[in-house]
>>> print(open('upload_27.csv').read())   # CSV, C-alpha atoms
chain,number,residue,atom,x,y,z
A,1,MET,CA,152.1,101.3,110.4
A,2,ASN,CA,154.9,102.0,112.8
A,3,ALA,CA,158.5,102.2,111.6
A,4,GLY,CA,160.0,98.8,111.5
A,5,GLU,CA,156.7,97.0,111.5
A,6,THR,CA,156.3,94.3,108.9
A,7,GLN,CA,153.6,95.2,106.4
A,8,ARG,CA,150.9,92.5,106.0
A,9,ARG,CA,151.1,91.1,102.4
A,10,PRO,CA,148.2,88.6,101.9
A,11,TRP,CA,147.2,86.3,99.2
A,12,ILE,CA,143.9,87.4,97.7
A,13,VAL,CA,141.6,84.4,97.2
A,14,GLY,CA,138.6,84.9,95.0
A,15,VAL,CA,135.8,82.4,95.0
A,16,SER,CA,133.6,82.6,91.9
A,17,GLY,CA,130.3,80.8,91.1
A,18,ALA,CA,131.6,77.6,89.5
A,19,SER,CA,131.0,74.3,91.2
A,20,GLY,CA,134.0,73.3,93.3
A,21,THR,CA,133.8,75.1,96.6
A,22,PRO,CA,135.7,72.2,98.3
A,23,TYR,CA,138.7,73.3,96.1
A,24,ALA,CA,138.5,76.8,97.6
A,25,ALA,CA,138.2,75.5,101.1
A,26,ALA,CA,141.3,73.3,100.7
A,27,VAL,CA,143.3,76.2,99.3
A,28,LEU,CA,142.3,78.4,102.1
A,29,ARG,CA,143.1,75.8,104.8
A,30,ALA,CA,146.6,75.2,103.2
A,31,LEU,CA,147.4,78.9,103.0
A,32,LEU,CA,146.6,79.4,106.6
A,33,ALA,CA,148.5,76.3,107.6
A,34,ALA,CA,151.5,77.7,105.8
A,35,GLY,CA,151.3,80.9,107.9
A,36,GLU,CA,150.1,83.0,105.0
A,37,SER,CA,147.7,85.9,105.4
A,38,VAL,CA,144.5,85.8,103.3
A,39,ASP,CA,142.2,88.4,101.9
A,40,LEU,CA,138.9,86.7,100.8
A,41,VAL,CA,136.4,87.8,98.2
A,42,VAL,CA,133.4,85.6,97.7
A,43,SER,CA,131.3,86.5,94.7
A,44,ARG,CA,127.5,86.7,94.8
A,45,ALA,CA,127.2,83.7,92.5
A,46,SER,CA,129.6,81.6,94.5
A,47,ARG,CA,127.4,82.1,97.6
A,48,LEU,CA,124.6,80.3,95.8
A,49,THR,CA,127.0,77.5,94.8
A,50,LEU,CA,128.3,77.3,98.4
A,51,LEU,CA,124.7,77.1,99.7
A,52,ASP,CA,123.9,74.3,97.1
A,53,GLU,CA,127.1,72.3,97.8
A,54,THR,CA,127.3,72.6,101.5
A,55,GLY,CA,124.1,74.1,102.9
A,56,ILE,CA,126.1,77.1,104.3
A,57,SER,CA,124.8,80.6,103.8
A,58,PHE,CA,127.8,82.9,103.6
A,59,ARG,CA,126.8,86.2,105.2
A,60,ASP,CA,128.9,89.4,105.3
A,61,GLY,CA,127.7,90.2,108.8
A,62,HIS,CA,128.7,86.7,110.1
A,63,TRP,CA,131.5,85.8,107.7
A,64,GLN,CA,133.9,84.5,110.3
A,65,GLU,CA,131.3,82.1,111.7
A,66,ASP,CA,130.3,80.9,108.3
A,67,LEU,CA,133.9,80.6,107.1
A,68,ARG,CA,134.9,78.4,110.1
A,69,GLU,CA,131.9,76.1,109.3
A,70,TRP,CA,132.8,76.0,105.6
A,71,LEU,CA,136.5,75.3,106.1
A,72,GLY,CA,135.7,72.7,108.8
A,73,ARG,CA,133.9,70.5,106.4
A,74,GLY,CA,135.5,67.7,104.4
A,75,ALA,CA,135.0,67.4,100.6
A,76,ASP,CA,132.3,64.9,101.3
A,77,GLY,CA,130.3,67.6,103.2
A,78,LYS,CA,130.8,66.1,106.7
A,79,PRO,CA,131.1,68.9,109.3
A,80,GLY,CA,133.8,69.2,111.9
A,81,ILE,CA,136.5,67.4,110.0
A,82,PHE,CA,139.1,70.3,110.2
A,83,ALA,CA,139.8,72.8,112.9
A,84,VAL,CA,140.9,76.1,111.2
A,85,ASP,CA,142.0,79.4,112.8
A,86,VAL,CA,140.6,82.2,110.6
A,87,ASP,CA,142.1,85.1,112.6
A,88,ASP,CA,144.5,86.0,109.7
A,89,VAL,CA,141.7,86.2,107.1
A,90,ARG,CA,140.3,89.5,106.0
A,91,HIS,CA,137.0,89.5,104.2
A,92,TRP,CA,136.0,92.0,101.6
A,93,SER,CA,132.4,92.2,100.2
A,94,ALA,CA,132.3,91.4,96.4
A,95,GLY,CA,130.4,94.6,95.9
A,96,ASP,CA,132.9,96.8,97.7
A,97,LEU,CA,134.8,98.4,94.8
A,98,ALA,CA,136.5,100.8,97.2
A,99,ALA,CA,138.1,97.8,99.1
A,100,GLY,CA,141.9,97.5,99.5
A,101,PRO,CA,142.4,94.9,96.7
A,102,SER,CA,140.8,97.3,94.2
A,103,SER,CA,144.0,99.4,94.2
A,104,GLY,CA,147.5,98.6,92.9
A,105,SER,CA,149.0,100.3,96.0
A,106,TYR,CA,147.4,97.7,98.2
A,107,ALA,CA,150.2,95.3,99.1
A,108,SER,CA,149.5,91.7,98.2
A,109,LYS,CA,151.5,88.6,97.1
A,110,GLY,CA,149.1,87.9,94.3
A,111,MET,CA,145.7,86.3,93.7
A,112,LEU,CA,144.2,82.8,93.4
A,113,ILE,CA,140.8,82.4,91.8
A,114,VAL,CA,139.4,79.0,93.0
A,115,PRO,CA,137.2,77.9,91.4
A,116,ALA,CA,137.0,80.2,88.4
A,117,SER,CA,133.8,80.1,86.4
A,118,THR,CA,133.8,80.8,82.7
A,119,ALA,CA,131.9,84.0,83.4
A,120,CYS,CA,134.7,85.1,85.8
A,121,VAL,CA,137.3,84.1,83.2
A,122,ALA,CA,135.6,86.2,80.6
A,123,GLY,CA,135.3,89.2,82.9
A,124,VAL,CA,138.9,89.2,83.9
A,125,ALA,CA,140.1,88.6,80.3
A,126,LEU,CA,138.0,91.5,79.0
A,127,GLY,CA,138.9,93.7,82.0
A,128,LEU,CA,135.3,94.3,82.9
A,129,SER,CA,135.9,94.8,86.7
A,130,LYS,CA,132.1,94.3,87.4
A,131,ASP,CA,132.8,93.3,91.0
A,132,LEU,CA,135.7,93.3,93.4
A,133,LEU,CA,136.8,89.8,92.4
A,134,GLN,CA,137.3,90.8,88.8
A,135,ARG,CA,138.8,94.2,89.7
A,136,ALA,CA,141.3,92.6,92.1
A,137,ALA,CA,142.3,90.2,89.3
A,138,SER,CA,142.8,93.1,86.9
A,139,VAL,CA,144.9,94.9,89.4
A,140,THR,CA,147.0,91.8,90.0
A,141,LEU,CA,147.7,91.5,86.3
A,142,LYS,CA,148.6,95.2,85.8
A,143,GLU,CA,150.9,95.1,88.8
A,144,ARG,CA,152.6,91.9,87.4
A,145,ARG,CA,151.8,89.9,90.5
A,146,LYS,CA,151.0,86.2,90.4
A,147,LEU,CA,147.5,85.3,89.3
A,148,VAL,CA,146.4,81.7,89.3
A,149,VAL,CA,143.1,80.9,87.6
A,150,ALA,CA,141.7,77.5,88.6
A,151,VAL,CA,139.1,77.1,85.9
A,152,ARG,CA,136.3,74.6,86.6
A,153,GLU,CA,134.2,73.8,83.6
A,154,THR,CA,133.9,71.1,81.0
A,155,PRO,CA,133.7,71.0,78.0
A,156,LEU,CA,135.3,74.4,77.1
A,157,ASN,CA,134.0,76.2,74.1
A,158,GLY,CA,136.2,78.3,71.7
A,159,GLN,CA,135.3,81.6,73.3
A,160,THR,CA,136.4,80.5,76.8
A,161,LEU,CA,139.6,79.0,75.3
A,162,ARG,CA,140.4,82.3,73.7
A,163,HIS,CA,139.8,84.1,77.0
A,164,LEU,CA,142.1,81.6,78.8
A,165,VAL,CA,144.8,82.3,76.1
A,166,THR,CA,144.3,86.0,76.8
A,167,LEU,CA,144.9,85.4,80.5
A,168,ASP,CA,148.0,83.3,79.8
A,169,ASP,CA,149.4,86.0,77.5
A,170,ALA,CA,148.8,88.6,80.3
A,171,GLY,CA,150.9,86.5,82.7
A,172,ALA,CA,148.3,84.5,84.6
A,173,THR,CA,148.7,80.8,85.3
A,174,VAL,CA,145.7,78.9,83.9
A,175,LEU,CA,145.2,75.8,86.0
A,176,PRO,CA,142.3,73.6,85.2
A,177,ALA,CA,140.8,71.8,88.2
A,178,SER,CA,141.9,68.4,87.0
A,179,PRO,CA,142.9,65.9,89.7
A,180,ALA,CA,145.5,63.2,89.0
A,181,PHE,CA,145.4,59.7,90.3
A,182,TYR,CA,149.1,58.7,90.6
A,183,ALA,CA,149.2,60.0,94.2
A,184,GLY,CA,147.2,57.1,95.5
A,185,ALA,CA,143.9,58.9,96.2
A,186,THR,CA,141.5,56.8,98.3
A,187,HIS,CA,139.0,59.5,99.3
A,188,ILE,CA,137.3,62.5,97.6
A,189,GLN,CA,139.4,64.8,99.8
A,190,ASP,CA,142.6,63.4,98.3
A,191,LEU,CA,141.5,64.4,94.8
A,192,VAL,CA,140.4,67.8,96.0
A,193,ASP,CA,143.7,68.3,97.9
A,194,PHE,CA,145.7,67.4,94.7
A,195,VAL,CA,144.1,70.3,92.8
A,196,ALA,CA,144.6,72.6,95.8
A,197,GLY,CA,148.2,71.6,96.0
A,198,ARG,CA,148.8,72.4,92.4
A,199,VAL,CA,147.3,75.8,92.9
A,200,LEU,CA,149.7,76.4,95.8
A,201,ASP,CA,152.6,75.1,93.7
A,202,ALA,CA,151.8,77.7,91.0
A,203,ALA,CA,151.8,80.3,93.7
A,204,GLY,CA,155.1,79.1,95.2
A,205,VAL,CA,153.6,78.3,98.6
A,206,GLY,CA,154.8,75.2,100.4
A,207,HIS,CA,152.4,72.4,101.4
A,208,THR,CA,152.1,68.7,102.0
A,209,LEU,CA,148.7,68.2,100.3
A,210,TYR,CA,149.6,65.4,98.0
A,211,ARG,CA,152.3,62.8,97.2
A,212,ARG,CA,154.7,64.2,94.6
A,213,TRP,CA,155.8,62.1,91.6
A,214,GLU,CA,159.3,60.8,92.2
A,215,GLY,CA,159.8,58.6,89.1
A,216,GLU,CA,158.8,55.4,90.8
A,217,LEU,CA,155.9,53.5,89.1
A,218,GLY,CA,153.3,52.2,91.5
A,219,GLY,CA,154.3,54.3,94.5
A,220,GLY,CA,150.8,55.6,95.0
A,221,SER,CA,149.2,52.2,94.9
A,222,ARG,CA,151.4,51.1,97.8
A,223,GLY,CA,149.8,53.7,100.1
A,224,THR,CA,152.7,56.1,100.2
A,225,VAL,CA,150.5,59.2,100.0
>>> encode(input="upload_27.csv", output="structure tokens")
Amino acid sequence: MNAGETQRRPWIVGVSGASGTPYAAAVLRALLAAGESVDLVVSRASRLTLLDETGISFRDGHWQEDLREWLGRGADGKPGIFAVDVDDVRHWSAGDLAAGPSSGSYASKGMLIVPASTACVAGVALGLSKDLLQRAASVTLKERRKLVVAVRETPLNGQTLRHLVTLDDAGATVLPASPAFYAGATHIQDLVDFVAGRVLDAAGVGHTLYRRWEGELGGGSRGTV
């Protein structure tokens, strides 16, 4: 890096194998729309979920093409809904434990795991670092950077709840993927965007994904989304 050049400081976005790939897509679109840089880690299990939920095969060798197709789809699966520039996304293979995000000296603003499976939650809570996603999350915690864990599972058993408490104690924000209805949602995308917006709220990134509560009853029902 040349003297005076601004160092790139991305948000690391980890996508694990839980159902809910539209949540990840909405978060990625909003980060890019806000002018944020993104480092993307897509776990092996999440590629199966993505294939099942969208029909898209996410391939390391064609990741930009596959990412554009994925982010272009709406939450209902319809293609070509969004136009997204992915030039400021850097992709790291989940099996690459020598990747930048595996080290605390790699500059980042923090990490968002969307969605977070219970297996991913357990791995991060226990410090297993079995793949780059878990390792990057462990690094984020040890460096005291923001870690948002959007857990997507129901019901939650005692073991998972204990793991979530461990993450909370370590400084992570535990954010269940629970959409609200006061914002006047009329489409699936509205519910997805609410959860994505709450993830970005926890990260401190500005967005306009949902109508915020302003203390006025019935505001959402009047179409003021």
>>> closest_atom_pairs(input="upload_27.csv", of="stretch 119-201 of chain A", to="stretch 16-30 of chain A", cutoff="10 Å", atoms="all atoms listed in the file", output="CSV")
residue,atom,partner,partner_atom,distance
A:Ala119,CA,A:Gly17,CA,8.5
A:Cys120,CA,A:Ser16,CA,6.7
A:Val121,CA,A:Ser16,CA,9.6
A:Leu133,CA,A:Ser16,CA,7.9
A:Gln134,CA,A:Ser16,CA,9.5
A:Ala150,CA,A:Tyr23,CA,9.1
A:Val151,CA,A:Ala18,CA,8.3
A:Arg152,CA,A:Ala18,CA,6.3
A:Glu153,CA,A:Ala18,CA,7.5
A:Ala177,CA,A:Tyr23,CA,8.3
A:Ile188,CA,A:Pro22,CA,9.9
A:Gln189,CA,A:Pro22,CA,8.4
A:Leu191,CA,A:Tyr23,CA,9.4
A:Val192,CA,A:Tyr23,CA,5.8
A:Asp193,CA,A:Ala26,CA,6.2
A:Phe194,CA,A:Tyr23,CA,9.3
A:Val195,CA,A:Tyr23,CA,7.0
A:Ala196,CA,A:Val27,CA,5.2
A:Gly197,CA,A:Val27,CA,7.5
A:Arg198,CA,A:Val27,CA,9.6
A:Val199,CA,A:Val27,CA,7.6
A:Leu200,CA,A:Val27,CA,7.3
>>> atom_distance(input="upload_27.csv", atom1="atom CA of A:Arg90", atom2="atom CA of A:Ala45")
19.7 Å
>>> closest_residue(input="upload_27.csv", among="A:His163, A:Trp92, A:Pro179, A:Asp131", to="A:Gly61", atoms="all atoms listed in the file")
A:Trp92
>>> closest_residue(input="upload_27.csv", among="A:Lys78, A:Val41, A:Val148, A:Ala172", to="A:Leu112", atoms="all atoms listed in the file")
A:Val148
>>> closest_residue(input="upload_27.csv", among="A:Ala137, A:Ile113, A:Leu209, A:Ala94", to="A:Asp190", atoms="all atoms listed in the file")
A:Leu209
>>> closest_residue(input="upload_27.csv", among="A:Glu69, A:Arg145, A:Gly95, A:Ala83", to="A:Arg9", atoms="all atoms listed in the file")
A:Arg145
>>> residues_around(input="upload_27.csv", residues="A:Arg68", least_positions_apart="4", cutoff="7 Å", atoms="only C-alpha atoms", output="list in words")
Gln64, Gly72, Val84 and Val86 of chain A
>>> residues_near_point(input="upload_27.csv", point="(147.0, 88.7, 105.2)", cutoff="12 Å", atoms="only C-alpha atoms", output="VMD selection string")
chain A and resid 6 to 13 28 31 to 32 34 to 40 86 to 91 100 to 101 106 to 111
>>> residues_around(input="upload_27.csv", residues="A:Ser102", least_positions_apart="3", cutoff="9 Å", atoms="only C-alpha atoms", output="list in words")
Asp96, Leu97, Ala98, Ala99, Ser105, Tyr106, Leu132, Leu133, Arg135, Ala136, Ala137, Ser138 and Val139 of chain A
>>> atom_distance(input="upload_27.csv", atom1="atom CA of A:Glu214", atom2="atom CA of A:Ala75")
26.5 Å
>>> closest_residue(input="upload_27.csv", among="A:Trp213, A:Val42, A:Gly74, A:Gly158", to="A:Ala116", atoms="only C-alpha atoms")
A:Val42
>>> closest_residue(input="upload_27.csv", among="A:Gly204, A:Gly123, A:Pro115, A:Pro155", to="A:Leu175", atoms="all atoms listed in the file")
A:Pro115
>>> atom_distance(input="upload_27.csv", atom1="atom CA of A:Gly14", atom2="atom CA of A:His62")
18.1 Å
